[in-house]
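Here the structure comes first, spelled out in structure tokens, and everything after it is commentary.
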There are 2 protein chains.
Amino acid sequence: MAIKKDPAAGTPASGRRAPGRRAGDHGRYGRLSRERVLATALELVDREGLSALSMRRTGAELGVEAMALYRYAAGKDALLDGLVEALYTQLEEQLAASAEAPDWRDELHRIAAATYRVALDHPHVAPLLATRMLAVPLARRPLAVLRDHERILALLKRAGLDEEATVMAFRAVTGWVLGYVLGDLRAMVDNPDEPEPAFRLGLHRMPARELPCLRAAAPTLARPGAPEGLAAGLDALLDRFVPGTGPATG
Amino acid sequence: MAIKKDPAAGTPASGRRAPGRRAGDHGRYGRLSRERVLATALELVDREGLSALSMRRTGAELGVEAMALYRYAAGKDALLDGLVEALYTQLEEQLAASAEAPDWRDELHRIAAATYRVALDHPHVAPLLATRMLAVPLARRPLAVLRDHERILALLKRAGLDEEATVMAFRAVTGWVLGYVLGDLRAMVDNPDEPEPAFRLGLHRMPARELPCLRAAAPTLARPGAPEGLAAGLDALLDRFVPGTGPATG
DNA sequence: AAGTGTACATATACGTCGTAAACGTATGGT
DNA sequence: ACCATACGTTTACGACGTATATGTACACTT
């Protein structure tokens, strides 16, 4: 210990701190912050899966005791919500990286595709998109999540839908994107070391007599659906839930 | 407690036993069995939520030590998979309760509706439908799950699709059903004791300037989508993914 | 320069968790 | 009468979430 603080570390009110620089860190690598905590947790989950995430482990990754995290996340559940927030923040960055589409329909496609990309980039976090939404009520969701909802609702309104129809379409769009993403993340491979496809999938475990279609379909099923399937379904749903936008070829 | 064994249950030495009743239960309520374990776990989760489920707690509900469960489920994960299995088993019971539809499309609707009902009947278990599928590879899923997949694939094949198109449509159907169900299970109410709808939803927590559409839509959003929305979306997707079945009016 | 409040991180402790390993004990077959 | 087997218990260990109490170093007074 006893790495002493640098007197040039800056005034606390101004909040100045150089990255990798120690200020009031008791001799550690740098001050903690919500951002740093969430980034570390995300990294840990990406690397080792959700079950590896614990307060103690996350603290250790930061060179800090577990209890120190409680200043930046009220508890473990809040940490999980933080991961969801981190994902939606990445989504917003992705959306900001390319230009907004002028057409509402194209813009919905752009959002869906970006969501798909972000979710597949963090497969271990994606299940939280389903589970945490069931645990935390709308008004308490991270702001980044609410902004995503707002974007979609606004686009549908712009398409000319009234309140009721907007909500219907919203349900369709969000449900579809979530379901499709989760579907593409489903585990298929049983034995990764096996070169032979059928063995890789563990098809010998499935009773052939009872499950002929499934066994036949499994290899095709094992290839991810890709964003094309997502877009196709989205179009199908929009055709139905946004009247007057005729089937596709317009 | 401490209900002792019935002396009429059979003399231990002679081994005489009533039909359907086994001895060897150490003076407890009855032998353990996988069915009994899963039923108890399901009941516990329905009553107190997923986080209340632990090996010890489940054992206690059965009047048994936690380790006793390991004979019927290899570990906690296997217990969770058992819950998924239990839900799909209920689905099969529901499907068996009414007649199979002659038309493949109607039958898909029947399956979707039954899935929706079962999931909403066990809201605390439903998230497992998303998460466990990511953890356990296709070939290792409970048989009831695989049979569900088989049913859907067979119906789509019957609709005249080739292998590739079948899988596309399968992805669409299952993704949609899952996403829609999870969407309908999302928590909306923030303060259940509050009579005023806006306060109930906690809308005052949401920045009005930044989220106008969401605030306006929230009350409508709070009403569940109902099976009608599920059916509408399903039709939309089938129209797209099963060619030659034209929009609706056939 | 000394003192003080506050923000931040640690230390300690408690109860619960999943589960490995070893151990009874009753049962059914011989 | 004996034994193998099936079934449940006991004991133990390390990891977990987190309440509470305890430092410790900074910025701001005075």
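Chain labels run A, B, ... following the order of the structure tokens; each chain numbers its residues from 1, and ligands are numbered from 1 in the order shown.
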
All alpha helix (DSSP H) residues (DSSP, backbone) inside range 104-178 of chain A, as an MDAnalysis selection string: chainID A and resid 104:121 126:135 143:158 163:178

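Cα RMSD of chain B against chain A, computed after a least-squares overlay on all Cα atoms in order: 2.8 Å.
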
Neighbour list for Phe170 in chain A as an NGL selection string, cut-off 10 Å, only C-alpha atoms (C1' of nucleotides), skip fewer than 2 positions in-chain: (:A and (149 or 152-156 or 164-168 or 172-176 or 238 or 241)) or (:B and (217 or 221))

Go through chain D residue by residue and, counting only C-alpha atoms (C1' of nucleotides), keep those with an atom at most 12 Å from chain A; for each kept residue give the shortest atom pair and its distance in Å to one decimal, ordered by chain and increasing number, as CSV.
residue,atom,partner,partner_atom,distance
D:DA15,C1',A:Arg56,CA,9.2
D:DC16,C1',A:Ser54,CA,7.6
D:DG17,C1',A:Lys76,CA,7.5
D:DT18,C1',A:Gly75,CA,8.1
D:DA19,C1',A:Met67,CA,10.6
D:DT20,C1',A:Met67,CA,11.5
D:DG23,C1',A:His26,CA,11.3
D:DT24,C1',A:His26,CA,7.9
D:DA25,C1',A:Gly24,CA,6.7
D:DC26,C1',A:Gly24,CA,7.0
D:DA27,C1',A:Pro12,CA,7.6
D:DC28,C1',A:Ala13,CA,11.3

Residues of chain C within 12 Å of chain A, counting only C-alpha atoms (C1' of nucleotides), as an MDAnalysis selection string: chainID C and resid 7:12

Any chance you can output those residues with N, CA and C atoms (P, O5', C5', C4', C3', O3' and C1' of nucleotides) as a short mmCIF file (atom, residue, chain, number, x, y, z; two decimals), in the first residue's frame?
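And here is the file that came out, out_18.cif:
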data_model
loop_
_atom_site.label_atom_id
_atom_site.label_comp_id
_atom_site.auth_asym_id
_atom_site.auth_seq_id
_atom_site.Cartn_x
_atom_site.Cartn_y
_atom_site.Cartn_z
P DA C 7 -21.06 13.74 0.78
"O5'" DA C 7 -20.09 12.95 -0.20
"C5'" DA C 7 -18.92 13.60 -0.69
"C4'" DA C 7 -17.85 12.57 -1.00
"C3'" DA C 7 -18.40 11.29 -1.63
"O3'" DA C 7 -17.55 10.95 -2.72
"C1'" DA C 7 -17.13 10.75 0.29
P DC C 8 -17.96 9.69 -3.64
"O5'" DC C 8 -17.02 8.55 -3.06
"C5'" DC C 8 -15.61 8.70 -3.19
"C4'" DC C 8 -14.93 7.67 -2.35
"C3'" DC C 8 -15.24 6.23 -2.73
"O3'" DC C 8 -14.07 5.68 -3.33
"C1'" DC C 8 -15.17 6.55 -0.37
P DA C 9 -14.23 4.30 -4.18
"O5'" DA C 9 -13.75 3.22 -3.11
"C5'" DA C 9 -12.39 3.21 -2.68
"C4'" DA C 9 -12.26 2.43 -1.39
"C3'" DA C 9 -12.60 0.95 -1.47
"O3'" DA C 9 -11.39 0.19 -1.34
"C1'" DA C 9 -13.44 1.97 0.53
P DT C 10 -11.48 -1.41 -1.14
"O5'" DT C 10 -11.50 -1.56 0.44
"C5'" DT C 10 -10.47 -0.95 1.21
"C4'" DT C 10 -10.63 -1.32 2.67
"C3'" DT C 10 -10.65 -2.82 2.95
"O3'" DT C 10 -9.72 -3.06 4.00
"C1'" DT C 10 -12.54 -1.80 3.93
P DA C 11 -9.25 -4.58 4.35
"O5'" DA C 11 -10.00 -4.88 5.71
"C5'" DA C 11 -10.39 -3.81 6.56
"C4'" DA C 11 -11.18 -4.35 7.74
"C3'" DA C 11 -11.14 -5.87 7.91
"O3'" DA C 11 -10.94 -6.15 9.28
"C1'" DA C 11 -13.41 -5.13 7.67
P DT C 12 -10.78 -7.66 9.84
"O5'" DT C 12 -12.26 -8.02 10.33
"C5'" DT C 12 -13.00 -7.03 11.06
"C4'" DT C 12 -14.43 -7.49 11.29
"C3'" DT C 12 -14.61 -9.01 11.44
"O3'" DT C 12 -15.37 -9.22 12.61
"C1'" DT C 12 -16.20 -8.15 9.93
#

Shell around Pro123 in chain B at 10 Å using only C-alpha atoms (C1' of nucleotides), local window under 3 positions removed, as a PyMOL selection string: (chain A and resi 134) or (chain B and resi 45-46+49-50+118-120+126-128+181-182+184-186)

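Every protein or nucleic acid residue with an atom no more than 12 Å from Arg209 in chain A, counting only C-alpha atoms (C1' of nucleotides) and leaving out same-chain residues fewer than 5 positions away, appears here: His204, Leu214, Arg215 and Ala216 of chain A; Arg147 and Glu150 of chain B.
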
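Among the candidates B:Gly225, B:Pro137, B:Pro142, B:Pro197, the residue lying nearest to chain A is B:Pro137 (atoms considered: only C-alpha atoms).
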
Spatial neighbours of range 111-114 of chain A, 9 Å, only C-alpha atoms (C1' of nucleotides), chain gap at least 2 places, as a list in words: Leu91, Glu92, Gln94, Leu95, Asp106, Glu107, Leu108, His109, Tyr116, Arg117, Val118, Ala119, Asp148, Ile152, Val173, Thr174, Val177, Pro227, Leu230, Ala231 and Leu234 of chain A
